[in-house]
>>> print(open('run_23.pdb').read())   # PDB, C-alpha atoms and all ligand atoms
MODEL        1
ATOM      1  CA  MET A  26       0.000   0.000   0.000
ATOM      2  CA  LYS A  27       1.236   3.476  -0.836
ATOM      3  CA  LYS A  28       2.187   5.761   2.037
ATOM      4  CA  LYS A  29      -0.142   8.682   2.598
ATOM      5  CA  ILE A  30       1.268  12.208   2.305
ATOM      6  CA  VAL A  31      -1.011  15.041   3.349
ATOM      7  CA  VAL A  32       0.111  18.447   2.108
ATOM      8  CA  LEU A  33      -1.194  21.610   3.781
ATOM      9  CA  THR A  34      -0.531  24.718   1.721
ATOM     10  CA  GLY A  35      -0.941  28.454   2.112
ATOM     11  CA  ALA A  36      -0.343  31.585   0.086
ATOM     12  CA  GLY A  37       3.443  30.985   0.008
ATOM     13  CA  VAL A  38       3.110  28.042  -2.392
ATOM     14  CA  SER A  39       1.613  30.392  -4.994
ATOM     15  CA  ALA A  40       3.995  33.319  -4.321
ATOM     16  CA  GLU A  41       6.387  32.232  -7.076
ATOM     17  CA  SER A  42       3.435  32.211  -9.483
ATOM     18  CA  GLY A  43       3.174  35.952  -8.912
ATOM     19  CA  PHE A  44       0.509  36.003  -6.210
ATOM     20  CA  ALA A  45       1.068  38.302  -3.268
ATOM     21  CA  THR A  46       0.757  36.546   0.085
ATOM     22  CA  PHE A  47      -1.424  38.123   2.773
ATOM     23  CA  ARG A  48       0.791  38.965   5.717
ATOM     24  CA  ASP A  49       4.269  39.507   4.194
ATOM     25  CA  THR A  50       5.588  43.010   3.453
ATOM     26  CA  GLY A  51       3.703  44.129   0.347
ATOM     27  CA  GLY A  52       1.071  41.480   1.084
ATOM     28  CA  LEU A  53      -2.608  41.863   0.246
ATOM     29  CA  TRP A  54      -3.618  42.797   3.800
ATOM     30  CA  GLU A  55      -1.276  45.786   3.618
ATOM     31  CA  GLN A  56      -3.100  47.033   0.514
ATOM     32  CA  TYR A  57      -6.658  46.217   1.549
ATOM     33  CA  ASP A  58      -8.505  46.175   4.828
ATOM     34  CA  VAL A  59      -9.390  42.564   5.422
ATOM     35  CA  ASN A  60     -12.548  43.709   7.254
ATOM     36  CA  ASP A  61     -13.740  45.483   4.118
ATOM     37  CA  VAL A  62     -13.054  42.873   1.448
ATOM     38  CA  ALA A  63     -12.914  39.499   3.171
ATOM     39  CA  SER A  64     -15.281  39.511   6.105
ATOM     40  CA  ILE A  65     -18.952  38.702   6.285
ATOM     41  CA  GLU A  66     -19.667  42.134   7.810
ATOM     42  CA  GLY A  67     -17.782  43.746   4.905
ATOM     43  CA  TRP A  68     -19.948  41.803   2.453
ATOM     44  CA  TYR A  69     -23.202  43.087   3.940
ATOM     45  CA  ARG A  70     -21.770  46.640   4.170
ATOM     46  CA  ASN A  71     -20.562  46.932   0.574
ATOM     47  CA  ARG A  72     -21.150  44.052  -1.816
ATOM     48  CA  LYS A  73     -19.749  45.964  -4.786
ATOM     49  CA  LEU A  74     -16.372  46.489  -3.105
ATOM     50  CA  VAL A  75     -16.132  42.786  -2.220
ATOM     51  CA  LEU A  76     -17.240  41.583  -5.679
ATOM     52  CA  ASP A  77     -14.736  43.943  -7.351
ATOM     53  CA  PHE A  78     -11.928  42.659  -5.123
ATOM     54  CA  TYR A  79     -12.649  39.061  -6.129
ATOM     55  CA  ASN A  80     -13.195  40.024  -9.799
ATOM     56  CA  GLN A  81      -9.636  41.370  -9.742
ATOM     57  CA  ARG A  82      -8.272  38.249  -8.045
ATOM     58  CA  ARG A  83     -10.029  36.069 -10.666
ATOM     59  CA  ALA A  84      -8.591  38.102 -13.547
ATOM     60  CA  GLN A  85      -5.123  37.769 -12.018
ATOM     61  CA  LEU A  86      -5.560  33.999 -11.665
ATOM     62  CA  LYS A  87      -6.377  33.662 -15.343
ATOM     63  CA  ASP A  88      -2.877  34.818 -16.259
ATOM     64  CA  ALA A  89      -1.024  32.920 -13.518
ATOM     65  CA  GLN A  90       0.661  29.554 -13.994
ATOM     66  CA  PRO A  91       1.386  26.779 -11.513
ATOM     67  CA  ASN A  92       5.025  26.884 -10.430
ATOM     68  CA  ALA A  93       7.541  24.115  -9.825
ATOM     69  CA  ALA A  94       6.316  23.649  -6.248
ATOM     70  CA  HIS A  95       2.717  22.962  -7.366
ATOM     71  CA  LEU A  96       4.105  20.579  -9.993
ATOM     72  CA  ALA A  97       6.337  18.781  -7.493
ATOM     73  CA  ILE A  98       3.383  18.332  -5.119
ATOM     74  CA  ALA A  99       1.311  16.882  -7.986
ATOM     75  CA  GLY A 100       4.256  14.631  -8.896
ATOM     76  CA  LEU A 101       4.189  13.026  -5.432
ATOM     77  CA  GLU A 102       1.105  11.115  -6.616
ATOM     78  CA  LYS A 103       3.342   8.807  -8.669
ATOM     79  CA  GLU A 104       4.634   7.139  -5.531
ATOM     80  CA  TYR A 105       2.346   8.232  -2.744
ATOM     81  CA  ASP A 106      -1.295   8.464  -1.826
ATOM     82  CA  VAL A 107      -1.583  12.261  -1.711
ATOM     83  CA  ASP A 108      -4.204  14.639  -0.383
ATOM     84  CA  VAL A 109      -3.707  18.379  -0.688
ATOM     85  CA  ILE A 110      -5.467  20.589   1.840
ATOM     86  CA  THR A 111      -5.118  24.189   0.758
ATOM     87  CA  GLN A 112      -6.039  27.493   2.337
ATOM     88  CA  ASN A 113      -5.621  29.037  -1.102
ATOM     89  CA  VAL A 114      -8.591  29.999  -3.211
ATOM     90  CA  ASP A 115      -6.646  29.730  -6.479
ATOM     91  CA  ASN A 116      -6.794  26.609  -8.670
ATOM     92  CA  LEU A 117      -3.056  26.199  -9.240
ATOM     93  CA  HIS A 118      -2.824  22.805  -7.489
ATOM     94  CA  GLU A 119      -5.532  21.424  -9.783
ATOM     95  CA  ARG A 120      -3.908  22.961 -12.853
ATOM     96  CA  ALA A 121      -0.570  21.397 -11.848
ATOM     97  CA  GLY A 122      -2.273  17.980 -11.849
ATOM     98  CA  SER A 123      -3.109  17.281  -8.204
ATOM     99  CA  THR A 124      -6.221  15.097  -8.239
ATOM    100  CA  ARG A 125      -7.424  15.426  -4.631
ATOM    101  CA  VAL A 126      -7.520  19.029  -3.447
ATOM    102  CA  LEU A 127      -9.617  20.117  -0.470
ATOM    103  CA  HIS A 128     -10.146  23.886  -0.332
ATOM    104  CA  LEU A 129     -10.545  25.121   3.234
ATOM    105  CA  HIS A 130     -11.254  28.764   2.409
ATOM    106  CA  GLY A 131     -13.294  28.375  -0.770
ATOM    107  CA  GLU A 132     -12.551  28.770  -4.466
ATOM    108  CA  LEU A 133     -12.087  31.936  -6.514
ATOM    109  CA  SER A 134     -13.682  30.566  -9.655
ATOM    110  CA  LYS A 135     -16.947  29.693  -7.914
ATOM    111  CA  VAL A 136     -19.931  31.647  -6.619
ATOM    112  CA  ARG A 137     -23.143  30.754  -4.850
ATOM    113  CA  PRO A 138     -26.392  32.408  -3.765
ATOM    114  CA  GLU A 139     -26.117  34.730  -0.802
ATOM    115  CA  ASN A 140     -29.231  33.088   0.637
ATOM    116  CA  GLY A 141     -28.779  29.461  -0.252
ATOM    117  CA  ILE A 142     -28.508  26.038   1.270
ATOM    118  CA  TYR A 143     -24.703  26.050   1.579
ATOM    119  CA  ASP A 144     -24.505  27.994   4.829
ATOM    120  CA  ARG A 145     -26.807  25.552   6.575
ATOM    121  CA  THR A 146     -25.797  22.297   4.918
ATOM    122  CA  ALA A 147     -22.396  22.795   3.212
ATOM    123  CA  SER A 148     -24.050  21.244   0.152
ATOM    124  CA  GLU A 149     -22.388  22.473  -3.005
ATOM    125  CA  ALA A 150     -25.550  21.875  -5.065
ATOM    126  CA  GLU A 151     -26.053  25.595  -5.748
ATOM    127  CA  VAL A 152     -22.382  26.410  -6.320
ATOM    128  CA  ILE A 153     -21.712  27.781  -9.820
ATOM    129  CA  ASP A 154     -18.398  27.785 -11.688
ATOM    130  CA  VAL A 155     -17.844  31.205 -13.285
ATOM    131  CA  GLY A 156     -14.296  30.469 -14.386
ATOM    132  CA  TYR A 157     -12.414  33.757 -14.569
ATOM    133  CA  GLY A 158     -15.508  35.866 -15.285
ATOM    134  CA  GLU A 159     -16.787  38.868 -13.377
ATOM    135  CA  VAL A 160     -19.725  38.944 -10.978
ATOM    136  CA  HIS A 161     -21.630  42.129 -10.201
ATOM    137  CA  VAL A 162     -24.309  43.436  -7.887
ATOM    138  CA  GLY A 163     -27.605  42.374  -9.487
ATOM    139  CA  ASP A 164     -26.256  39.053 -10.837
ATOM    140  CA  LEU A 165     -28.687  36.547  -9.395
ATOM    141  CA  ALA A 166     -28.607  32.816  -8.724
ATOM    142  CA  PRO A 167     -31.420  30.597 -10.061
ATOM    143  CA  ASN A 168     -33.063  30.878  -6.607
ATOM    144  CA  GLY A 169     -33.320  34.651  -7.087
ATOM    145  CA  SER A 170     -30.731  35.751  -4.561
ATOM    146  CA  GLN A 171     -27.572  37.779  -5.147
ATOM    147  CA  LEU A 172     -24.494  35.760  -6.153
ATOM    148  CA  ARG A 173     -21.597  35.963  -3.712
ATOM    149  CA  PRO A 174     -18.049  34.608  -3.879
ATOM    150  CA  HIS A 175     -17.697  30.957  -2.811
ATOM    151  CA  ILE A 176     -15.153  32.128  -0.280
ATOM    152  CA  VAL A 177     -15.016  31.542   3.453
ATOM    153  CA  PHE A 178     -15.073  35.092   4.784
ATOM    154  CA  PHE A 179     -13.624  35.985   8.166
ATOM    155  CA  GLY A 180     -16.457  35.531  10.626
ATOM    156  CA  GLU A 181     -17.799  32.434   8.850
ATOM    157  CA  ALA A 182     -17.465  28.763   9.683
ATOM    158  CA  VAL A 183     -15.009  26.545   7.777
ATOM    159  CA  PRO A 184     -17.248  23.725   6.501
ATOM    160  CA  ASN A 185     -14.384  21.528   5.247
ATOM    161  CA  ILE A 186     -12.431  21.475   8.503
ATOM    162  CA  GLU A 187     -13.802  18.073   9.614
ATOM    163  CA  LYS A 188     -12.756  16.475   6.319
ATOM    164  CA  ALA A 189      -9.318  18.062   6.712
ATOM    165  CA  ILE A 190      -8.923  16.725  10.254
ATOM    166  CA  ASN A 191      -9.817  13.210   9.055
ATOM    167  CA  LEU A 192      -7.144  13.405   6.357
ATOM    168  CA  VAL A 193      -4.426  14.713   8.691
ATOM    169  CA  GLU A 194      -5.193  11.951  11.198
ATOM    170  CA  LYS A 195      -4.458   9.355   8.505
ATOM    171  CA  ALA A 196      -1.217  10.951   7.230
ATOM    172  CA  ASP A 197       2.016   8.945   7.276
ATOM    173  CA  ILE A 198       3.856  12.159   6.391
ATOM    174  CA  LEU A 199       2.583  15.731   6.784
ATOM    175  CA  LEU A 200       4.072  18.444   4.584
ATOM    176  CA  ILE A 201       3.256  22.105   5.269
ATOM    177  CA  VAL A 202       4.180  24.658   2.597
ATOM    178  CA  GLY A 203       3.985  28.458   2.657
ATOM    179  CA  THR A 204       1.606  29.306   5.451
ATOM    180  CA  SER A 205       2.206  31.618   8.406
ATOM    181  CA  LEU A 206      -0.076  29.379  10.524
ATOM    182  CA  GLN A 207      -1.836  32.389  11.973
ATOM    183  CA  VAL A 208      -5.380  31.678  10.880
ATOM    184  CA  TYR A 209      -7.411  29.085  12.747
ATOM    185  CA  PRO A 210      -8.763  26.474  12.454
ATOM    186  CA  ALA A 211      -6.296  25.628   9.633
ATOM    187  CA  ALA A 212      -3.319  26.587  11.814
ATOM    188  CA  GLY A 213      -4.185  23.887  14.350
ATOM    189  CA  LEU A 214      -4.554  21.040  11.851
ATOM    190  CA  TYR A 215      -1.026  19.640  12.314
ATOM    191  CA  ARG A 216      -1.899  18.747  15.899
ATOM    192  CA  TYR A 217      -4.151  15.982  14.564
ATOM    193  CA  ALA A 218      -1.230  14.136  12.970
ATOM    194  CA  SER A 219      -0.346  10.911  14.731
ATOM    195  CA  ILE A 220       2.507  10.953  17.214
ATOM    196  CA  ASN A 221       4.717   9.001  14.776
ATOM    197  CA  THR A 222       4.024  11.183  11.754
ATOM    198  CA  PRO A 223       6.992  13.269  10.620
ATOM    199  CA  ILE A 224       6.075  16.868   9.782
ATOM    200  CA  TYR A 225       8.042  18.884   7.216
ATOM    201  CA  VAL A 226       7.601  22.652   7.022
ATOM    202  CA  ILE A 227       8.749  24.623   3.975
ATOM    203  CA  ASP A 228       8.833  28.404   4.434
ATOM    204  CA  PRO A 229      11.517  31.069   3.975
ATOM    205  CA  LYS A 230      10.615  32.504   7.391
ATOM    206  CA  PRO A 231      10.508  30.715  10.737
ATOM    207  CA  VAL A 232       6.968  29.427  11.304
ATOM    208  CA  PRO A 233       5.483  29.325  14.827
ATOM    209  CA  ILE A 234       5.298  25.572  15.217
ATOM    210  CA  SER A 235       7.257  24.002  18.016
ATOM    211  CA  ASP A 236       6.808  20.296  17.866
ATOM    212  CA  GLY A 237       9.343  17.509  18.152
ATOM    213  CA  ARG A 238       8.120  15.939  14.922
ATOM    214  CA  VAL A 239       8.989  18.973  12.777
ATOM    215  CA  THR A 240      11.805  19.254  10.226
ATOM    216  CA  MET A 241      12.115  22.862   9.043
ATOM    217  CA  ILE A 242      13.143  23.467   5.443
ATOM    218  CA  GLN A 243      13.758  27.190   5.481
ATOM    219  CA  ASP A 244      13.466  28.091   1.804
ATOM    220  CA  VAL A 245      11.005  29.216  -0.850
ATOM    221  CA  ALA A 246       8.472  26.642  -2.022
ATOM    222  CA  THR A 247      10.164  25.646  -5.309
ATOM    223  CA  LYS A 248      13.620  25.101  -3.770
ATOM    224  CA  GLY A 249      12.113  23.704  -0.580
ATOM    225  CA  MET A 250      10.221  21.051  -2.547
ATOM    226  CA  GLU A 251      13.492  19.959  -4.211
ATOM    227  CA  LYS A 252      15.053  19.551  -0.772
ATOM    228  CA  PHE A 253      11.988  17.706   0.525
ATOM    229  CA  LEU A 254      12.109  15.248  -2.407
ATOM    230  CA  GLU A 255      15.799  14.573  -1.673
ATOM    231  CA  MET A 256      14.993  13.902   1.960
ATOM    232  CA  LEU A 257      12.220  11.484   0.942
ATOM    233  CA  ALA A 258      14.555   9.666  -1.442
ATOM    234  CA  ASN A 259      17.241   9.276   1.251
ATOM    235  CA  LYS A 260      14.884   8.010   3.900
TER     236      LYS A 260
HETATM  237  N1  LIG A 301       7.646  30.059  -0.792
HETATM  238  C1  LIG A 301       7.138  29.548   0.364
HETATM  239  N2  LIG A 301       6.618  30.313   1.340
HETATM  240  C2  LIG A 301       6.600  31.641   1.141
HETATM  241  C3  LIG A 301       7.107  32.248  -0.022
HETATM  242  C4  LIG A 301       7.645  31.392  -1.028
HETATM  243  N3  LIG A 301       8.156  31.857  -2.174
HETATM  244  N4  LIG A 301       6.931  33.590   0.099
HETATM  245  C5  LIG A 301       6.349  33.804   1.284
HETATM  246  N5  LIG A 301       6.147  32.634   1.923
HETATM  247  C6  LIG A 301       5.543  32.362   3.233
HETATM  248  C7  LIG A 301       5.623  33.502   4.241
HETATM  249  O1  LIG A 301       6.878  33.488   4.917
HETATM  250  C8  LIG A 301       4.457  33.181   5.172
HETATM  251  O2  LIG A 301       4.847  32.318   6.239
HETATM  252  O3  LIG A 301       4.171  32.134   3.049
HETATM  253  C9  LIG A 301       3.478  32.438   4.258
HETATM  254  C10 LIG A 301       2.269  33.242   3.871
HETATM  255  O4  LIG A 301       1.527  33.546   5.011
HETATM  256  P1  LIG A 301       0.159  34.358   4.912
HETATM  257  O5  LIG A 301       0.347  35.541   4.028
HETATM  258  O6  LIG A 301      -0.300  34.593   6.302
HETATM  259  O7  LIG A 301      -0.817  33.341   4.132
HETATM  260  P2  LIG A 301      -1.611  32.087   4.680
HETATM  261  O8  LIG A 301      -0.909  31.442   5.831
HETATM  262  O9  LIG A 301      -1.956  31.252   3.517
HETATM  263  O10 LIG A 301      -2.922  32.795   5.217
HETATM  264  C11 LIG A 301      -3.981  32.023   5.708
HETATM  265  O11 LIG A 301      -5.372  33.958   5.860
HETATM  266  O12 LIG A 301      -6.172  35.956   5.032
HETATM  267  C12 LIG A 301      -6.372  34.621   5.125
HETATM  268  O13 LIG A 301      -7.895  33.402   3.924
HETATM  269  C13 LIG A 301      -6.586  33.890   3.840
HETATM  270  O14 LIG A 301      -6.116  31.585   3.349
HETATM  271  C14 LIG A 301      -5.594  32.774   3.896
HETATM  272  C15 LIG A 301      -5.295  32.635   5.373
ENDMDL
END
>>> encode(input="run_23.pdb", output="C-alpha cells")
Amino acid sequence: MKKKIVVLTGAGVSAESGFATFRDTGGLWEQYDVNDVASIEGWYRNRKLVLDFYNQRRAQLKDAQPNAAHLAIAGLEKEYDVDVITQNVDNLHERAGSTRVLHLHGELSKVRPENGIYDRTASEAEVIDVGYGEVHVGDLAPNGSQLRPHIVFFGEAVPNIEKAINLVEKADILLIVGTSLQVYPAAGLYRYASINTPIYVIDPKPVPISDGRVTMIQDVATKGMEKFLEMLANK
C-alpha cells in the first residue's frame, strides 16, 4: 500500500506564481482592509467592493501559472497516496495535476447564492463555476438571490475542517508549505497528525510551530520542494 502524504498549503506556495501573500511586506492585507473585502460584515456593508476585489483576483488567476512547487506536489502522486489541503482559493494545485484538493477557504472561480442552502448544509448543489468571469451586484442565482463569492469570509465557519482533520489523522507524512499558521482552524490542523508522523515545514521565514516531529526546510516553495524530495529519497 502506498504511504499517505497530506500536504497543507498556504499563500506561500503560490507566491512564485506571482501572487502576493497576505501577511508579508507588500502582502494583500497591507493594501486592503481585510474587514472590508474578506469579512462577512464587509460583504453586507458593501457588496460591490467585495465583488470587485474578487473580480480582480479572478482576472489575475487567469494569467497565472502553476510553479515548480505545485508541480512537485502533484508529482508526489506517482509514488504516494496524496491529499492536498489548501487554504488558497486559487486553482493552481488542480492545474498542476493534483487530483485530490480540499479547499478550506473556498474557491475563486466559484460563486453561490447569498441566501442558499450552503450555509446551513455545506451542500455544493447551488455552487456555480464562473471560471475567470466577473460577478456584479444584481447578478442573481437561479433561486433569485444575489451571487456571492464561494469564499469563506472571516467571521464564517469553515465547513471543510472536519474532512481536513480526518485526512491529517491518517497521514504517514505531513508536509506544510507556505503558510504563516496564523489563521485558525487551519493553523491547528497539524496537531491531529499521529505521534509518529513526521512533519516537514517549507517556508523562507521561521513558522510558529514548536513540535518535536517537525523538520524545518527554510526556503522558498520551489527550492524547498526539491530539498523535501531529496529527503524522501534518502529516507
Ligand atoms: N515560498 C514559500 N513560502 C513563502 C514564499 C515562497 N516563495 N513567500 C512567502 N512565503 C511564506 C511567508 O513566509 C508566510 O509564512 O508564506 C506564508 C504566507 O503567510 P500568509 O500571508 O499569512 O498566508 P496564509 O498562511 O496562507 O494565510 C492564511 O489567511 O487571510 C487569510 O484566507 C486567507 O487563506 C488565507 C489565510
>>> residues_around(input="run_23.pdb", residues="Arg238 (chain A)", least_positions_apart="3", cutoff="9 Å", atoms="only C-alpha atoms", output="compact mmCIF listing (two decimals) with C-alpha atoms, keeping the file's coordinate frame")
# COMPACT_ATOMS: atom_id res chain seq x y z
CA ILE A 220 2.51 10.95 17.21
CA ASN A 221 4.72 9.00 14.78
CA THR A 222 4.02 11.18 11.75
CA PRO A 223 6.99 13.27 10.62
CA ILE A 224 6.08 16.87 9.78
CA TYR A 225 8.04 18.88 7.22
CA SER A 235 7.26 24.00 18.02
>>> closest_residue(input="run_23.pdb", among="A:Thr124, A:Ser170, A:Asn80, A:Ser39", to="ligand LIG 301 (chain A)", atoms="only C-alpha atoms and all ligand atoms")
A:Ser39
>>> residues_around(input="run_23.pdb", residues="Glu187 (chain A)", least_positions_apart="2", cutoff="12 Å", atoms="only C-alpha atoms", output="list of chain:residue names")
A:Ile110, A:Leu127, A:Leu129, A:Ala147, A:Ala182, A:Val183, A:Pro184, A:Asn185, A:Ala189, A:Ile190, A:Asn191, A:Leu192, A:Val193, A:Glu194, A:Pro210, A:Ala211, A:Leu214, A:Tyr217
>>> closest_residue(input="run_23.pdb", among="A:Ile98, A:Leu74, A:Val126, A:Leu133", to="Leu86 (chain A)", atoms="all atoms listed in the file")
A:Leu133
>>> closest_residue(input="run_23.pdb", among="A:Glu119, A:Asp197, A:Glu41, A:Asp106", to="Lys248 (chain A)", atoms="all atoms listed in the file")
A:Glu41
>>> residues_near_ligand(input="run_23.pdb", ligand="ligand LIG 301 (chain A)", cutoff="8 Å", atoms="all atoms listed in the file", output="PDB file with C-alpha atoms, keeping the file's coordinate frame")
ATOM      1  CA  THR A  34      -0.531  24.718   1.721  1.00  0.00           C
ATOM      2  CA  GLY A  35      -0.941  28.454   2.112  1.00  0.00           C
ATOM      3  CA  ALA A  36      -0.343  31.585   0.086  1.00  0.00           C
ATOM      4  CA  GLY A  37       3.443  30.985   0.008  1.00  0.00           C
ATOM      5  CA  VAL A  38       3.110  28.042  -2.392  1.00  0.00           C
ATOM      6  CA  SER A  39       1.613  30.392  -4.994  1.00  0.00           C
ATOM      7  CA  ALA A  40       3.995  33.319  -4.321  1.00  0.00           C
ATOM      8  CA  GLU A  41       6.387  32.232  -7.076  1.00  0.00           C
ATOM      9  CA  ALA A  45       1.068  38.302  -3.268  1.00  0.00           C
ATOM     10  CA  THR A  46       0.757  36.546   0.085  1.00  0.00           C
ATOM     11  CA  PHE A  47      -1.424  38.123   2.773  1.00  0.00           C
ATOM     12  CA  ARG A  48       0.791  38.965   5.717  1.00  0.00           C
ATOM     13  CA  ASP A  49       4.269  39.507   4.194  1.00  0.00           C
ATOM     14  CA  GLY A  52       1.071  41.480   1.084  1.00  0.00           C
ATOM     15  CA  LEU A  53      -2.608  41.863   0.246  1.00  0.00           C
ATOM     16  CA  TRP A  54      -3.618  42.797   3.800  1.00  0.00           C
ATOM     17  CA  VAL A  59      -9.390  42.564   5.422  1.00  0.00           C
ATOM     18  CA  ALA A  63     -12.914  39.499   3.171  1.00  0.00           C
ATOM     19  CA  THR A 111      -5.118  24.189   0.758  1.00  0.00           C
ATOM     20  CA  GLN A 112      -6.039  27.493   2.337  1.00  0.00           C
ATOM     21  CA  ASN A 113      -5.621  29.037  -1.102  1.00  0.00           C
ATOM     22  CA  VAL A 114      -8.591  29.999  -3.211  1.00  0.00           C
ATOM     23  CA  LEU A 129     -10.545  25.121   3.234  1.00  0.00           C
ATOM     24  CA  HIS A 130     -11.254  28.764   2.409  1.00  0.00           C
ATOM     25  CA  VAL A 177     -15.016  31.542   3.453  1.00  0.00           C
ATOM     26  CA  PHE A 178     -15.073  35.092   4.784  1.00  0.00           C
ATOM     27  CA  PHE A 179     -13.624  35.985   8.166  1.00  0.00           C
ATOM     28  CA  VAL A 202       4.180  24.658   2.597  1.00  0.00           C
ATOM     29  CA  GLY A 203       3.985  28.458   2.657  1.00  0.00           C
ATOM     30  CA  THR A 204       1.606  29.306   5.451  1.00  0.00           C
ATOM     31  CA  SER A 205       2.206  31.618   8.406  1.00  0.00           C
ATOM     32  CA  LEU A 206      -0.076  29.379  10.524  1.00  0.00           C
ATOM     33  CA  GLN A 207      -1.836  32.389  11.973  1.00  0.00           C
ATOM     34  CA  VAL A 208      -5.380  31.678  10.880  1.00  0.00           C
ATOM     35  CA  ALA A 211      -6.296  25.628   9.633  1.00  0.00           C
ATOM     36  CA  ILE A 227       8.749  24.623   3.975  1.00  0.00           C
ATOM     37  CA  ASP A 228       8.833  28.404   4.434  1.00  0.00           C
ATOM     38  CA  PRO A 229      11.517  31.069   3.975  1.00  0.00           C
ATOM     39  CA  LYS A 230      10.615  32.504   7.391  1.00  0.00           C
ATOM     40  CA  PRO A 231      10.508  30.715  10.737  1.00  0.00           C
ATOM     41  CA  VAL A 232       6.968  29.427  11.304  1.00  0.00           C
ATOM     42  CA  ASP A 244      13.466  28.091   1.804  1.00  0.00           C
ATOM     43  CA  VAL A 245      11.005  29.216  -0.850  1.00  0.00           C
ATOM     44  CA  ALA A 246       8.472  26.642  -2.022  1.00  0.00           C
ATOM     45  CA  THR A 247      10.164  25.646  -5.309  1.00  0.00           C
ATOM     46  CA  GLY A 249      12.113  23.704  -0.580  1.00  0.00           C
TER      47      GLY A 249
END
>>> closest_residue(input="run_23.pdb", among="A:Thr240, A:Ser123, A:Glu159, A:Gly213", to="Met256 (chain A)", atoms="all atoms listed in the file")
A:Thr240
>>> atom_distance(input="run_23.pdb", atom1="CA of Ala99 (chain A)", atom2="CA of Gln81 (chain A)")
26.9 Å
>>> resolve_selection(input="run_23.pdb", expression="the PyMOL selection byres (((chain A and resi 150-157) around 7) and not hetatm)", output="VMD selection string")
chain A and resid 83 to 84 87 134 to 137 148 to 149 158 to 159
>>> resolve_selection(input="run_23.pdb", expression="the PyMOL selection byres (((chain A and resi 105) around 6) and not hetatm)", output="PyMOL selection string")
chain A and resi 27-29+101-102+104+106-107
>>> axis_aligned_box(input="run_23.pdb", around="region 238-255 of chain A", padding_each_side="8 Å", output="lines of an AutoDock Vina configuration file")
center_x = 12.0
center_y = 21.9
center_z = 4.8
size_x = 23.7
size_y = 30.6
size_z = 36.2
>>> residues_around(input="run_23.pdb", residues="Pro91 (chain A)", least_positions_apart="4", cutoff="9 Å", atoms="only C-alpha atoms", output="number ranges by chain")
A: 39, 41-42, 95-96, 116-121
>>> resolve_selection(input="run_23.pdb", expression="the PyMOL selection byres (((chain A and resi 66-68) around 12) and not hetatm)", output="ChimeraX atom specification")
/A:57-65,69-79,139,162,171-174,176-181
>>> write_last_selection(input="run_23.pdb", atoms="C-alpha atoms", output="tab-separated table (two decimals), keeping the file's coordinate frame")
chain	number	residue	atom	x	y	z
A	57	TYR	CA	-6.66	46.22	1.55
A	58	ASP	CA	-8.51	46.18	4.83
A	59	VAL	CA	-9.39	42.56	5.42
A	60	ASN	CA	-12.55	43.71	7.25
A	61	ASP	CA	-13.74	45.48	4.12
A	62	VAL	CA	-13.05	42.87	1.45
A	63	ALA	CA	-12.91	39.50	3.17
A	64	SER	CA	-15.28	39.51	6.10
A	65	ILE	CA	-18.95	38.70	6.28
A	69	TYR	CA	-23.20	43.09	3.94
A	70	ARG	CA	-21.77	46.64	4.17
A	71	ASN	CA	-20.56	46.93	0.57
A	72	ARG	CA	-21.15	44.05	-1.82
A	73	LYS	CA	-19.75	45.96	-4.79
A	74	LEU	CA	-16.37	46.49	-3.10
A	75	VAL	CA	-16.13	42.79	-2.22
A	76	LEU	CA	-17.24	41.58	-5.68
A	77	ASP	CA	-14.74	43.94	-7.35
A	78	PHE	CA	-11.93	42.66	-5.12
A	79	TYR	CA	-12.65	39.06	-6.13
A	139	GLU	CA	-26.12	34.73	-0.80
A	162	VAL	CA	-24.31	43.44	-7.89
A	171	GLN	CA	-27.57	37.78	-5.15
A	172	LEU	CA	-24.49	35.76	-6.15
A	173	ARG	CA	-21.60	35.96	-3.71
A	174	PRO	CA	-18.05	34.61	-3.88
A	176	ILE	CA	-15.15	32.13	-0.28
A	177	VAL	CA	-15.02	31.54	3.45
A	178	PHE	CA	-15.07	35.09	4.78
A	179	PHE	CA	-13.62	35.98	8.17
A	180	GLY	CA	-16.46	35.53	10.63
A	181	GLU	CA	-17.80	32.43	8.85
>>> atom_distance(input="run_23.pdb", atom1="CA of Met250 (chain A)", atom2="CA of Arg216 (chain A)")
22.2 Å
>>> atom_distance(input="run_23.pdb", atom1="CA of Thr146 (chain A)", atom2="CA of Gly131 (chain A)")
15.0 Å
>>> residues_around(input="run_23.pdb", residues="Gly169 (chain A)", least_positions_apart="2", cutoff="10 Å", atoms="all atoms listed in the file", output="list in words")
Pro138, Glu139, Asn140, Gly141, Gly163, Asp164, Leu165, Ala166, Pro167, Gln171 and Leu172 of chain A
>>> closest_residue(input="run_23.pdb", among="A:Ile198, A:Leu254, A:Gly51, A:Tyr143", to="Val239 (chain A)", atoms="only C-alpha atoms")
A:Ile198
>>> closest_residue(input="run_23.pdb", among="A:Ile30, A:Ala218, A:Asp144, A:Ala258", to="Arg125 (chain A)", atoms="only C-alpha atoms")
A:Ile30
>>> build_atoms(input="run_23.pdb", residues="region 79-85 of chain A", atoms="N, CA and C atoms", output="compact mmCIF listing (two decimals), in the coordinates of the input")
# COMPACT_ATOMS: atom_id res chain seq x y z
N TYR A 79 -12.79 40.44 -5.63
CA TYR A 79 -12.65 39.06 -6.13
C TYR A 79 -12.65 39.00 -7.66
N ASN A 80 -13.30 39.95 -8.33
CA ASN A 80 -13.20 40.02 -9.80
C ASN A 80 -11.73 40.24 -10.20
N GLN A 81 -11.06 41.12 -9.46
CA GLN A 81 -9.64 41.37 -9.74
C GLN A 81 -8.79 40.14 -9.48
N ARG A 82 -9.05 39.46 -8.38
CA ARG A 82 -8.27 38.25 -8.04
C ARG A 82 -8.47 37.18 -9.13
N ARG A 83 -9.71 37.06 -9.63
CA ARG A 83 -10.03 36.07 -10.67
C ARG A 83 -9.29 36.39 -11.96
N ALA A 84 -9.27 37.68 -12.32
CA ALA A 84 -8.59 38.10 -13.55
C ALA A 84 -7.10 37.80 -13.44
N GLN A 85 -6.55 38.01 -12.25
CA GLN A 85 -5.12 37.77 -12.02
C GLN A 85 -4.82 36.27 -12.12
